[in-house]
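Engineer: My structure is in input.cif, and what it holds is mmCIF, C-alpha atoms and all ligand atoms:
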```
data_model
loop_
_atom_site.group_PDB
_atom_site.id
_atom_site.type_symbol
_atom_site.label_atom_id
_atom_site.label_comp_id
_atom_site.auth_asym_id
_atom_site.auth_seq_id
_atom_site.Cartn_x
_atom_site.Cartn_y
_atom_site.Cartn_z
ATOM 1 C CA MET A 107 2.815 -32.665 33.618
ATOM 2 C CA PRO A 108 5.655 -30.297 34.591
ATOM 3 C CA HIS A 109 6.789 -27.883 31.883
ATOM 4 C CA LYS A 110 10.294 -28.005 30.482
ATOM 5 C CA THR A 111 12.646 -25.479 32.121
ATOM 6 C CA GLU A 112 13.179 -23.653 28.836
ATOM 7 C CA ASP A 113 9.414 -23.273 28.282
ATOM 8 C CA ILE A 114 9.086 -21.740 31.762
ATOM 9 C CA GLU A 115 11.986 -19.394 31.036
ATOM 10 C CA ILE A 116 10.391 -18.336 27.738
ATOM 11 C CA ARG A 117 7.062 -17.589 29.400
ATOM 12 C CA LEU A 118 8.826 -15.526 32.084
ATOM 13 C CA LEU A 119 10.838 -13.626 29.449
ATOM 14 C CA LEU A 120 7.730 -12.814 27.388
ATOM 15 C CA GLU A 121 5.956 -11.659 30.563
ATOM 16 C CA ALA A 122 8.965 -9.440 31.397
ATOM 17 C CA ILE A 123 8.973 -7.928 27.879
ATOM 18 C CA PHE A 124 5.243 -7.258 28.185
ATOM 19 C CA GLN A 125 5.367 -5.740 31.666
ATOM 20 C CA ARG A 126 8.363 -3.534 30.965
ATOM 21 C CA TYR A 127 7.934 -2.607 27.286
ATOM 22 C CA HIS A 128 4.272 -3.449 26.481
ATOM 23 C CA TYR A 129 5.177 -5.631 23.504
ATOM 24 C CA ASP A 130 2.965 -8.656 23.922
ATOM 25 C CA PHE A 131 4.334 -11.893 22.447
ATOM 26 C CA ARG A 132 2.644 -14.099 25.064
ATOM 27 C CA GLY A 133 0.101 -15.446 22.582
ATOM 28 C CA TYR A 134 2.537 -16.193 19.761
ATOM 29 C CA SER A 135 3.075 -19.771 18.689
ATOM 30 C CA LEU A 136 5.674 -21.261 21.007
ATOM 31 C CA ALA A 137 7.529 -23.232 18.315
ATOM 32 C CA SER A 138 8.323 -20.125 16.293
ATOM 33 C CA ILE A 139 9.151 -17.996 19.372
ATOM 34 C CA LYS A 140 11.585 -20.727 20.500
ATOM 35 C CA ARG A 141 13.451 -20.640 17.184
ATOM 36 C CA ARG A 142 13.679 -16.862 17.239
ATOM 37 C CA LEU A 143 14.832 -16.722 20.854
ATOM 38 C CA LYS A 144 17.564 -19.268 20.139
ATOM 39 C CA GLN A 145 18.967 -16.877 17.524
ATOM 40 C CA ALA A 146 18.579 -13.892 19.881
ATOM 41 C CA ARG A 147 20.336 -15.753 22.694
ATOM 42 C CA GLU A 148 23.286 -16.474 20.387
ATOM 43 C CA ARG A 149 23.411 -12.888 19.137
ATOM 44 C CA PHE A 150 23.435 -11.409 22.643
ATOM 45 C CA GLY A 151 25.847 -14.057 23.978
ATOM 46 C CA CYS A 152 23.432 -15.370 26.634
ATOM 47 C CA SER A 153 23.868 -18.978 27.751
ATOM 48 C CA SER A 154 20.228 -19.250 28.867
ATOM 49 C CA ILE A 155 16.881 -17.524 28.341
ATOM 50 C CA SER A 156 16.969 -16.415 32.004
ATOM 51 C CA ILE A 157 20.215 -14.551 31.324
ATOM 52 C CA LEU A 158 18.615 -12.961 28.277
ATOM 53 C CA GLN A 159 15.689 -11.924 30.510
ATOM 54 C CA ASP A 160 18.083 -10.215 32.921
ATOM 55 C CA LYS A 161 19.688 -8.357 29.996
ATOM 56 C CA VAL A 162 16.328 -7.302 28.545
ATOM 57 C CA LEU A 163 15.166 -5.893 31.879
ATOM 58 C CA HIS A 164 18.377 -3.974 32.581
ATOM 59 C CA GLU A 165 19.470 -2.922 29.096
ATOM 60 C CA PRO A 166 16.522 -1.282 27.307
ATOM 61 C CA ALA A 167 18.867 -0.345 24.442
ATOM 62 C CA ILE A 168 18.827 -3.943 23.165
ATOM 63 C CA VAL A 169 15.023 -4.018 22.822
ATOM 64 C CA PRO A 170 14.803 -2.719 19.224
ATOM 65 C CA GLU A 171 17.246 -5.396 18.110
ATOM 66 C CA LEU A 172 15.449 -8.054 20.135
ATOM 67 C CA LEU A 173 12.217 -7.017 18.385
ATOM 68 C CA SER A 174 13.812 -7.720 15.035
ATOM 69 C CA PHE A 175 14.444 -11.284 16.234
ATOM 70 C CA LEU A 176 10.930 -11.735 17.594
ATOM 71 C CA THR A 177 9.176 -10.446 14.469
ATOM 72 C CA VAL A 178 9.834 -11.883 11.015
ATOM 73 C CA GLN A 179 10.232 -9.110 8.435
ATOM 74 C CA VAL A 180 10.433 -11.145 5.204
ATOM 75 C CA SER A 181 8.363 -9.579 2.424
ATOM 76 C CA GLU A 182 8.317 -8.884 -1.333
ATOM 77 C CA LEU A 183 6.558 -6.577 -3.742
ATOM 78 C CA PHE A 184 3.574 -8.432 -5.228
ATOM 79 C CA ARG A 185 4.435 -11.452 -3.069
ATOM 80 C CA ASP A 186 2.395 -14.428 -4.375
ATOM 81 C CA PRO A 187 1.456 -12.679 -7.642
ATOM 82 C CA THR A 188 -1.742 -14.736 -8.071
ATOM 83 C CA TYR A 189 -3.090 -13.134 -4.866
ATOM 84 C CA PHE A 190 -2.653 -9.679 -6.392
ATOM 85 C CA GLN A 191 -4.088 -10.926 -9.674
ATOM 86 C CA ALA A 192 -7.221 -12.071 -7.799
ATOM 87 C CA ILE A 193 -7.437 -8.693 -6.046
ATOM 88 C CA ARG A 194 -7.106 -6.971 -9.421
ATOM 89 C CA GLU A 195 -9.552 -9.128 -11.352
ATOM 90 C CA LYS A 196 -12.104 -10.135 -8.729
ATOM 91 C CA VAL A 197 -12.046 -7.655 -5.839
ATOM 92 C CA ILE A 198 -11.383 -4.374 -7.666
ATOM 93 C CA PRO A 199 -14.665 -4.543 -9.681
ATOM 94 C CA HIS A 200 -16.550 -4.534 -6.334
ATOM 95 C CA LEU A 201 -14.406 -1.748 -4.902
ATOM 96 C CA ARG A 202 -15.066 0.444 -7.941
ATOM 97 C CA THR A 203 -18.695 0.782 -6.856
ATOM 98 C CA TYR A 204 -17.827 2.788 -3.697
ATOM 99 C CA PRO A 205 -17.354 6.581 -3.771
ATOM 100 C CA SER A 206 -14.348 6.369 -1.429
ATOM 101 C CA LEU A 207 -12.234 3.525 -0.093
ATOM 102 C CA LYS A 208 -10.211 2.592 2.969
ATOM 103 C CA VAL A 209 -7.592 -0.152 2.733
ATOM 104 C CA TRP A 210 -5.719 -1.519 5.751
ATOM 105 C CA ILE A 211 -2.408 -3.369 5.316
ATOM 106 C CA ALA A 212 -1.967 -5.000 8.747
ATOM 107 C CA GLY A 213 1.564 -6.227 9.513
ATOM 108 C CA CYS A 214 3.008 -4.250 6.589
ATOM 109 C CA SER A 215 6.646 -4.918 7.566
ATOM 110 C CA SER A 216 9.018 -2.721 5.525
ATOM 111 C CA GLY A 217 6.278 -1.612 3.134
ATOM 112 C CA GLU A 218 6.540 -3.988 0.164
ATOM 113 C CA GLU A 219 2.865 -4.992 0.449
ATOM 114 C CA LEU A 220 1.760 -1.356 0.773
ATOM 115 C CA TYR A 221 3.658 -0.277 -2.381
ATOM 116 C CA SER A 222 2.179 -3.267 -4.229
ATOM 117 C CA PHE A 223 -1.342 -2.092 -3.381
ATOM 118 C CA ALA A 224 -0.545 1.559 -4.079
ATOM 119 C CA ILE A 225 0.769 0.642 -7.564
ATOM 120 C CA LEU A 226 -2.145 -1.714 -8.254
ATOM 121 C CA PHE A 227 -4.723 0.895 -7.191
ATOM 122 C CA ARG A 228 -2.987 3.521 -9.346
ATOM 123 C CA GLU A 229 -3.019 1.178 -12.340
ATOM 124 C CA GLU A 230 -6.695 0.482 -11.772
ATOM 125 C CA GLY A 231 -7.547 4.169 -11.405
ATOM 126 C CA LEU A 232 -8.699 3.894 -7.767
ATOM 127 C CA GLU A 233 -5.802 5.622 -6.032
ATOM 128 C CA GLU A 234 -7.408 9.071 -5.893
ATOM 129 C CA LYS A 235 -10.364 7.876 -3.842
ATOM 130 C CA THR A 236 -8.425 5.571 -1.515
ATOM 131 C CA MET A 237 -6.858 6.029 1.928
ATOM 132 C CA PHE A 238 -4.323 3.389 2.937
ATOM 133 C CA TYR A 239 -3.462 2.473 6.514
ATOM 134 C CA ALA A 240 -0.181 0.585 6.855
ATOM 135 C CA THR A 241 0.450 -0.754 10.357
ATOM 136 C CA ASP A 242 3.025 -2.845 12.179
ATOM 137 C CA ILE A 243 4.459 -3.222 15.682
ATOM 138 C CA ASN A 244 8.079 -2.961 14.608
ATOM 139 C CA PRO A 245 9.212 0.712 14.541
ATOM 140 C CA GLU A 246 12.275 -0.033 12.387
ATOM 141 C CA ALA A 247 10.104 -1.820 9.800
ATOM 142 C CA LEU A 248 7.715 1.157 9.750
ATOM 143 C CA ARG A 249 10.652 3.536 9.255
ATOM 144 C CA ARG A 250 11.760 1.504 6.239
ATOM 145 C CA ALA A 251 8.184 1.369 4.937
ATOM 146 C CA ARG A 252 7.974 5.185 5.092
ATOM 147 C CA ALA A 253 11.303 5.479 3.263
ATOM 148 C CA GLY A 254 10.331 3.034 0.472
ATOM 149 C CA VAL A 255 13.952 2.246 -0.419
ATOM 150 C CA TYR A 256 14.906 -1.322 -1.373
ATOM 151 C CA ASN A 257 18.101 -2.978 -2.453
ATOM 152 C CA LEU A 258 18.394 -2.906 -6.232
ATOM 153 C CA ASP A 259 19.155 -6.614 -6.379
ATOM 154 C CA ARG A 260 15.575 -7.338 -5.224
ATOM 155 C CA ILE A 261 14.050 -5.397 -8.131
ATOM 156 C CA ARG A 262 14.266 -8.227 -10.632
ATOM 157 C CA LEU A 263 12.039 -10.443 -8.482
ATOM 158 C CA PHE A 264 9.685 -7.528 -7.737
ATOM 159 C CA THR A 265 9.401 -6.808 -11.493
ATOM 160 C CA GLU A 266 8.614 -10.446 -12.305
ATOM 161 C CA ASN A 267 6.009 -10.578 -9.539
ATOM 162 C CA HIS A 268 4.415 -7.349 -10.745
ATOM 163 C CA GLN A 269 4.135 -8.669 -14.316
ATOM 164 C CA LYS A 270 2.709 -12.004 -13.128
ATOM 165 C CA SER A 271 0.102 -10.152 -11.054
ATOM 166 C CA GLY A 272 -1.213 -8.597 -14.286
ATOM 167 C CA GLY A 273 0.679 -5.300 -13.934
ATOM 168 C CA ARG A 274 -0.468 -2.775 -16.530
ATOM 169 C CA SER A 275 2.718 -0.708 -16.544
ATOM 170 C CA SER A 276 6.430 -1.089 -16.014
ATOM 171 C CA LEU A 277 7.555 -1.300 -12.392
ATOM 172 C CA SER A 278 10.445 1.008 -13.311
ATOM 173 C CA ASP A 279 7.858 3.815 -13.706
ATOM 174 C CA TYR A 280 7.539 3.825 -9.914
ATOM 175 C CA TYR A 281 11.107 4.015 -8.632
ATOM 176 C CA THR A 282 14.420 5.772 -9.208
ATOM 177 C CA ALA A 283 17.581 3.714 -9.058
ATOM 178 C CA ALA A 284 20.716 5.162 -7.494
ATOM 179 C CA TYR A 285 23.712 3.882 -5.522
ATOM 180 C CA GLY A 286 22.500 0.269 -5.448
ATOM 181 C CA SER A 287 19.011 1.165 -4.224
ATOM 182 C CA ALA A 288 15.579 1.633 -5.717
ATOM 183 C CA LYS A 289 13.670 4.520 -4.162
ATOM 184 C CA PHE A 290 9.928 4.269 -4.688
ATOM 185 C CA ASP A 291 8.078 7.374 -5.786
ATOM 186 C CA ARG A 292 6.900 9.398 -2.783
ATOM 187 C CA THR A 293 3.548 10.089 -4.465
ATOM 188 C CA LEU A 294 2.738 6.395 -3.945
ATOM 189 C CA ARG A 295 2.507 7.023 -0.210
ATOM 190 C CA THR A 296 0.876 10.447 -0.043
ATOM 191 C CA ARG A 297 -2.460 8.744 0.653
ATOM 192 C CA THR A 298 -0.998 6.422 3.309
ATOM 193 C CA VAL A 299 -1.070 6.733 7.077
ATOM 194 C CA PHE A 300 1.689 4.615 8.637
ATOM 195 C CA SER A 301 1.130 3.705 12.239
ATOM 196 C CA ASP A 302 2.216 1.587 15.122
ATOM 197 C CA HIS A 303 -0.679 -0.790 15.747
ATOM 198 C CA SER A 304 -0.705 -4.207 17.400
ATOM 199 C CA LEU A 305 -3.213 -6.875 16.466
ATOM 200 C CA VAL A 306 -2.737 -8.234 19.989
ATOM 201 C CA SER A 307 -3.763 -5.231 21.993
ATOM 202 C CA ASP A 308 -5.000 -2.317 19.882
ATOM 203 C CA ALA A 309 -8.500 -1.386 18.790
ATOM 204 C CA VAL A 310 -10.443 -1.606 15.544
ATOM 205 C CA PHE A 311 -10.105 0.668 12.539
ATOM 206 C CA GLY A 312 -13.477 1.884 11.291
ATOM 207 C CA GLU A 313 -15.308 1.262 8.016
ATOM 208 C CA ILE A 314 -12.556 -0.497 6.076
ATOM 209 C CA HIS A 315 -13.332 -1.857 2.599
ATOM 210 C CA LEU A 316 -10.301 -4.145 2.226
ATOM 211 C CA ILE A 317 -7.923 -5.568 4.823
ATOM 212 C CA SER A 318 -4.808 -7.388 3.676
ATOM 213 C CA CYS A 319 -3.081 -9.170 6.556
ATOM 214 C CA ARG A 320 -0.652 -11.661 5.114
ATOM 215 C CA ASN A 321 1.882 -13.865 6.843
ATOM 216 C CA VAL A 322 1.208 -12.445 10.288
ATOM 217 C CA LEU A 323 -1.420 -14.809 11.765
ATOM 218 C CA ILE A 324 0.891 -17.817 11.223
ATOM 219 C CA TYR A 325 2.964 -16.555 14.148
ATOM 220 C CA PHE A 326 -0.026 -16.389 16.518
ATOM 221 C CA ASP A 327 -1.611 -19.156 18.601
ATOM 222 C CA ARG A 328 -5.281 -20.004 17.999
ATOM 223 C CA GLU A 329 -6.670 -17.615 20.648
ATOM 224 C CA LEU A 330 -4.669 -14.694 19.320
ATOM 225 C CA GLN A 331 -5.648 -15.502 15.734
ATOM 226 C CA ASP A 332 -9.275 -15.316 16.851
ATOM 227 C CA ARG A 333 -8.672 -11.956 18.494
ATOM 228 C CA ALA A 334 -7.110 -10.560 15.310
ATOM 229 C CA ILE A 335 -9.826 -11.978 13.055
ATOM 230 C CA GLY A 336 -12.493 -10.532 15.388
ATOM 231 C CA LEU A 337 -10.750 -7.181 15.016
ATOM 232 C CA PHE A 338 -10.878 -7.516 11.214
ATOM 233 C CA LYS A 339 -14.550 -8.491 11.336
ATOM 234 C CA ASP A 340 -15.403 -5.411 13.400
ATOM 235 C CA SER A 341 -13.257 -3.123 11.227
ATOM 236 C CA LEU A 342 -14.731 -4.160 7.887
ATOM 237 C CA ILE A 343 -17.836 -2.719 6.315
ATOM 238 C CA ARG A 344 -20.460 -5.303 5.421
ATOM 239 C CA LYS A 345 -19.363 -6.982 2.167
ATOM 240 C CA GLY A 346 -15.798 -5.771 2.821
ATOM 241 C CA PHE A 347 -12.848 -8.033 1.929
ATOM 242 C CA LEU A 348 -10.155 -9.762 3.961
ATOM 243 C CA GLY A 349 -7.039 -11.233 2.307
ATOM 244 C CA LEU A 350 -4.747 -13.611 4.212
ATOM 245 C CA GLY A 351 -1.426 -15.300 3.465
ATOM 246 C CA SER A 352 -1.190 -18.547 1.483
ATOM 247 C CA LYS A 353 -0.688 -20.649 4.638
ATOM 248 C CA GLU A 354 -3.456 -18.910 6.596
ATOM 249 C CA SER A 355 -7.204 -19.409 6.629
ATOM 250 C CA LEU A 356 -10.384 -18.706 8.565
ATOM 251 C CA SER A 357 -11.291 -22.408 8.684
ATOM 252 C CA PHE A 358 -10.948 -22.973 12.423
ATOM 253 C CA SER A 359 -11.731 -19.452 13.543
ATOM 254 C CA ALA A 360 -14.502 -18.525 15.990
ATOM 255 C CA HIS A 361 -15.537 -15.924 13.387
ATOM 256 C CA THR A 362 -15.822 -18.206 10.340
ATOM 257 C CA ALA A 363 -19.579 -17.660 10.116
ATOM 258 C CA ALA A 364 -19.131 -13.909 9.647
ATOM 259 C CA PHE A 365 -17.228 -14.429 6.372
ATOM 260 C CA ALA A 366 -17.888 -16.064 3.010
ATOM 261 C CA GLU A 367 -15.085 -17.626 0.987
ATOM 262 C CA PHE A 368 -14.549 -15.267 -1.954
ATOM 263 C CA SER A 369 -11.456 -16.859 -3.516
ATOM 264 C CA ARG A 370 -10.588 -20.147 -1.845
ATOM 265 C CA GLU A 371 -7.189 -20.501 -3.566
ATOM 266 C CA GLU A 372 -6.053 -16.979 -2.751
ATOM 267 C CA LYS A 373 -7.445 -16.900 0.810
ATOM 268 C CA ILE A 374 -9.683 -13.946 0.138
ATOM 269 C CA TYR A 375 -12.844 -13.676 2.258
ATOM 270 C CA GLN A 376 -15.843 -11.373 2.178
ATOM 271 C CA ARG A 377 -17.606 -10.144 5.280
ATOM 272 C CA ARG A 378 -21.198 -11.338 5.182
ATOM 273 C CA GLY A 379 -23.895 -8.696 5.090
ATOM 274 C CA ASP A 380 -26.129 -10.395 7.666
ATOM 275 C CA GLN A 381 -23.798 -11.095 10.625
HETATM 276 C C1 LIG B 1 6.453 -11.834 7.637
HETATM 277 S S1 LIG B 1 6.013 -10.150 7.851
HETATM 278 C C2 LIG B 1 4.695 -10.007 6.688
HETATM 279 C C3 LIG B 1 4.876 -8.848 5.754
HETATM 280 C C4 LIG B 1 3.820 -8.722 4.664
HETATM 281 N N1 LIG B 1 2.504 -8.678 5.211
HETATM 282 C C5 LIG B 1 3.943 -9.849 3.658
HETATM 283 O O1 LIG B 1 3.131 -10.773 3.680
HETATM 284 O O2 LIG B 1 4.873 -9.826 2.851
HETATM 285 C C6 LIG B 1 5.145 -10.155 9.418
HETATM 286 C C7 LIG B 1 4.959 -8.769 10.002
HETATM 287 O O3 LIG B 1 3.983 -8.846 11.057
HETATM 288 C C8 LIG B 1 4.371 -7.925 12.048
HETATM 289 N N2 LIG B 1 3.695 -8.277 13.311
HETATM 290 C C9 LIG B 1 4.033 -9.238 14.189
HETATM 291 N N3 LIG B 1 3.209 -9.206 15.254
HETATM 292 C C10 LIG B 1 2.313 -8.206 15.014
HETATM 293 C C11 LIG B 1 1.217 -7.677 15.752
HETATM 294 N N4 LIG B 1 0.890 -8.160 16.937
HETATM 295 N N5 LIG B 1 0.520 -6.649 15.221
HETATM 296 C C12 LIG B 1 0.873 -6.134 14.016
HETATM 297 N N6 LIG B 1 1.901 -6.589 13.276
HETATM 298 C C13 LIG B 1 2.623 -7.605 13.770
HETATM 299 C C14 LIG B 1 5.879 -8.087 12.100
HETATM 300 O O4 LIG B 1 6.516 -6.983 12.734
HETATM 301 C C15 LIG B 1 6.226 -8.213 10.619
HETATM 302 O O5 LIG B 1 6.537 -6.962 10.056
#
```
Would you mind writing the file's structure down as structure tokens?

Structural biologist:
Amino acid sequence: MPHKTEDIEIRLLLEAIFQRYHYDFRGYSLASIKRRLKQARERFGCSSISILQDKVLHEPAIVPELLSFLTVQVSELFRDPTYFQAIREKVIPHLRTYPSLKVWIAGCSSGEELYSFAILFREEGLEEKTMFYATDINPEALRRARAGVYNLDRIRLFTENHQKSGGRSSLSDYYTAAYGSAKFDRTLRTRTVFSDHSLVSDAVFGEIHLISCRNVLIYFDRELQDRAIGLFKDSLIRKGFLGLGSKESLSFSAHTAAFAEFSREEKIYQRRGDQ
């Protein structure tokens, strides 16, 4: 069955991006890549994907902006508050038993998920013994994550989410408002290492107690999801936890057997001790 011309063009473009810039989108789900490339094509005024490919190869300056089309940055503080409530009520009691902790936020976007965990761990008295690793492939998102500055009009939603997650303090304790922005307290990130890390091509992190990777795997095809989940399996300590997004699961993964369902509703899994 011959492929559609546009599908061929997309594959060639993704190969070109990989060979020239080492960003590997070849294993992302085609439907979502197609939607994003349509927007990129319009933005860059290209009448076809092949013309966009020519531009990408000869104008490296457009790559950062192209990346922002290819990766979805949407995030919130305490996004899906019941997930954070489950972390607080069910996972934290296990984490308390360790003398030190490592937490990996994979695909942290502009940092909202990281600040949620940093605040939650502070409220639960675990911050002092925890190291956070916040990773993403998008350099602009990582820059914003390091800055921790969000538009003030998002704070109302963040505050509601925080309360619904069982927040023990007022969110306003953690930021300063000025000139239409909320700047989160720098002490929230003193125990965080931000780094450029791709779930497609980079290696494991060692001895992690909790990995939160939410709303990232939905953009990957099955093979790539398996690669990422294998990476999580090898990065976690035995009995360590993995939290996914509400539309993600380990159900069809090659690594299902290595995990037990810890909270089915909240997509939280625990690495088995015997695998
Ligand atoms: C929709 S955001 C999710 C943000 C946050 N985890 C949340 O749930 O609110 C998806 C993030 O995954 C990142 N991402 C995409 N491909 C990735 C990869 N191969 N490795 C690491 N991060 C990736 C994107 O740059 C983007 O910041």

Engineer: Hey, which residues sit close to ligand LIG 1 (chain B)? Say within 7 Å, counting all atoms listed in the file, and write them as number ranges by chain.

Structural biologist: A: 177-182, 185, 212-216, 218-219, 241-244, 247, 303-306, 319-322, 351

Engineer: Just say which residues the PyMOL selection byres (((chain A and resi 342-347) around 6) and not hetatm) picks in this file, as a count of residues only.

Structural biologist: 13

Engineer: If I take CA of Leu176 in chain A and CA of Arg147 in chain A, how far is one from the other in Å, to one decimal?

Structural biologist: 11.4 Å

Engineer: Going by the chain IDs and residue numbers used in this file, which residues fall under the PyMOL selection byres (((chain A and resi 206) around 6) and not hetatm)? Write them as a JSON list (two decimals) with C-alpha atoms, in the frame of the given file.

Structural biologist:
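Resulting contents of expr.json:
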```json
[["chain", "number", "residue", "atom", "x", "y", "z"],
["A", 204, "TYR", "CA", -17.83, 2.79, -3.70],
["A", 205, "PRO", "CA", -17.35, 6.58, -3.77],
["A", 207, "LEU", "CA", -12.23, 3.52, -0.09],
["A", 235, "LYS", "CA", -10.36, 7.88, -3.84],
["A", 236, "THR", "CA", -8.43, 5.57, -1.52]]
```

Engineer: Counting only C-alpha atoms, which residues come within 10 Å of (16.7, -21.0, 29.4), with the point read in the file's coordinates, and could you list them as a VMD selection string?

Structural biologist: chain A and resid 110 to 116 118 to 119 143 to 144 147 152 to 159

Engineer: Show me, as a ChimeraX atom specification, the residues that have an atom within 8 Å of Ile374 in chain A when counting all atoms listed in the file, minus same-chain residues fewer than 4 positions from it.

Structural biologist: /A:347-350,367-370

Engineer: Given the file above and the PyMOL selection byres (((chain A and resi 294) around 9) and not hetatm), which residues are selected, and can you give them as a list in words?

Structural biologist: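 Taken on the displayed file, the PyMOL selection byres (((chain A and resi 294) around 9) and not hetatm) yields the residues Tyr221, Ala224, Ile225, Arg228, Glu233, Tyr280, Phe290, Asp291, Arg292, Thr293, Arg295, Thr296, Arg297 and Thr298 of chain A.
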
Engineer: Starting from 4 Å padding per side, set up an axis-aligned box that covers all listed atoms of range 296-306 of chain A and hand over centre and edge lengths in Å, one decimal, as JSON.

Structural biologist:
```
{"center_x": -0.5, "center_y": 1.1, "center_z": 10.0, "size_x": 13.4, "size_y": 26.7, "size_z": 28.0}
```

Engineer: Between CA of Leu277 in chain A and CA of Thr265 in chain A, what is the distance, to one decimal in Å?

Structural biologist: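 CA of Thr265 in chain A lies 5.9 Å from CA of Leu277 in chain A.
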
Engineer: Could you tell me which of A:Arg249, A:Lys196, A:Arg142, A:Lys161 comes closest to Phe175 in chain A if we count all atoms listed in the file?

Structural biologist: A:Arg142

Engineer: When distances are computed from only C-alpha atoms, which of A:Leu263, A:Asp186, A:Ser318, A:Arg149 shows the smallest separation from Leu220 in chain A?

Structural biologist: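 Ranking A:Leu263, A:Asp186, A:Ser318, A:Arg149 by distance to Leu220 in chain A, first place goes to A:Ser318.
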
Engineer: Go through A:Ser278, A:Ser357, A:Ser222, A:Ser138 and flag the residue nearest Arg194 in chain A, using all atoms listed in the file for the distances.

Structural biologist: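 Residue with the minimum atom-to-atom distance to Arg194 in chain A: A:Ser222.
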
Engineer: Can you tell me how far CA of Glu234 in chain A sits from CA of Arg252 in chain A, in Å to one decimal?

Structural biologist: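 CA of Glu234 in chain A sits 19.3 Å away from CA of Arg252 in chain A.
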
Engineer: Could you name the residues that touch Leu337 in chain A at 9 Å or less, counting only C-alpha atoms, but leaving out those on the same chain fewer than 5 positions away, as a ChimeraX atom specification?

Structural biologist: /A:305,308-311,332,342

Engineer: From the options A:Lys289, A:His361, A:Lys353, A:Lys270, which residue's atoms come nearest to Phe338 in chain A, counting only C-alpha atoms?

Structural biologist: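 Checking each of A:Lys289, A:His361, A:Lys353, A:Lys270 against Phe338 in chain A, counting only C-alpha atoms, the winner is A:His361.
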
Engineer: Could you rebuild range 116-130 of chain A with N, CA and C atoms and give it back as a PDB file, in the frame of the given file?

Structural biologist:
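Written out: selection.pdb:
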```pdb
ATOM      1  N   ILE A 116      10.935 -19.136  28.846  1.00  0.00           N
ATOM      2  CA  ILE A 116      10.391 -18.336  27.738  1.00  0.00           C
ATOM      3  C   ILE A 116       9.156 -17.575  28.198  1.00  0.00           C
ATOM      4  N   ARG A 117       8.278 -18.273  28.919  1.00  0.00           N
ATOM      5  CA  ARG A 117       7.062 -17.589  29.400  1.00  0.00           C
ATOM      6  C   ARG A 117       7.415 -16.405  30.298  1.00  0.00           C
ATOM      7  N   LEU A 118       8.420 -16.613  31.167  1.00  0.00           N
ATOM      8  CA  LEU A 118       8.826 -15.526  32.084  1.00  0.00           C
ATOM      9  C   LEU A 118       9.430 -14.361  31.298  1.00  0.00           C
ATOM     10  N   LEU A 119      10.224 -14.686  30.264  1.00  0.00           N
ATOM     11  CA  LEU A 119      10.838 -13.626  29.449  1.00  0.00           C
ATOM     12  C   LEU A 119       9.750 -12.817  28.724  1.00  0.00           C
ATOM     13  N   LEU A 120       8.778 -13.526  28.137  1.00  0.00           N
ATOM     14  CA  LEU A 120       7.730 -12.814  27.388  1.00  0.00           C
ATOM     15  C   LEU A 120       6.901 -11.940  28.337  1.00  0.00           C
ATOM     16  N   GLU A 121       6.694 -12.443  29.558  1.00  0.00           N
ATOM     17  CA  GLU A 121       5.956 -11.659  30.563  1.00  0.00           C
ATOM     18  C   GLU A 121       6.762 -10.396  30.920  1.00  0.00           C
ATOM     19  N   ALA A 122       8.096 -10.580  31.057  1.00  0.00           N
ATOM     20  CA  ALA A 122       8.965  -9.440  31.397  1.00  0.00           C
ATOM     21  C   ALA A 122       8.930  -8.400  30.271  1.00  0.00           C
ATOM     22  N   ILE A 123       9.000  -8.862  29.020  1.00  0.00           N
ATOM     23  CA  ILE A 123       8.973  -7.928  27.879  1.00  0.00           C
ATOM     24  C   ILE A 123       7.648  -7.175  27.876  1.00  0.00           C
ATOM     25  N   PHE A 124       6.563  -7.903  28.175  1.00  0.00           N
ATOM     26  CA  PHE A 124       5.243  -7.258  28.185  1.00  0.00           C
ATOM     27  C   PHE A 124       5.142  -6.227  29.311  1.00  0.00           C
ATOM     28  N   GLN A 125       5.535  -6.656  30.533  1.00  0.00           N
ATOM     29  CA  GLN A 125       5.367  -5.740  31.666  1.00  0.00           C
ATOM     30  C   GLN A 125       6.242  -4.502  31.549  1.00  0.00           C
ATOM     31  N   ARG A 126       7.459  -4.670  31.021  1.00  0.00           N
ATOM     32  CA  ARG A 126       8.363  -3.534  30.965  1.00  0.00           C
ATOM     33  C   ARG A 126       8.156  -2.689  29.700  1.00  0.00           C
ATOM     34  N   TYR A 127       7.931  -3.358  28.557  1.00  0.00           N
ATOM     35  CA  TYR A 127       7.934  -2.607  27.286  1.00  0.00           C
ATOM     36  C   TYR A 127       6.598  -2.627  26.545  1.00  0.00           C
ATOM     37  N   HIS A 128       5.625  -3.360  27.072  1.00  0.00           N
ATOM     38  CA  HIS A 128       4.272  -3.449  26.481  1.00  0.00           C
ATOM     39  C   HIS A 128       4.226  -4.096  25.105  1.00  0.00           C
ATOM     40  N   TYR A 129       5.271  -4.798  24.714  1.00  0.00           N
ATOM     41  CA  TYR A 129       5.177  -5.631  23.504  1.00  0.00           C
ATOM     42  C   TYR A 129       4.689  -7.003  23.968  1.00  0.00           C
ATOM     43  N   ASP A 130       3.591  -7.449  23.390  1.00  0.00           N
ATOM     44  CA  ASP A 130       2.965  -8.656  23.922  1.00  0.00           C
ATOM     45  C   ASP A 130       3.133  -9.854  22.974  1.00  0.00           C
TER      46      ASP A 130
END
```
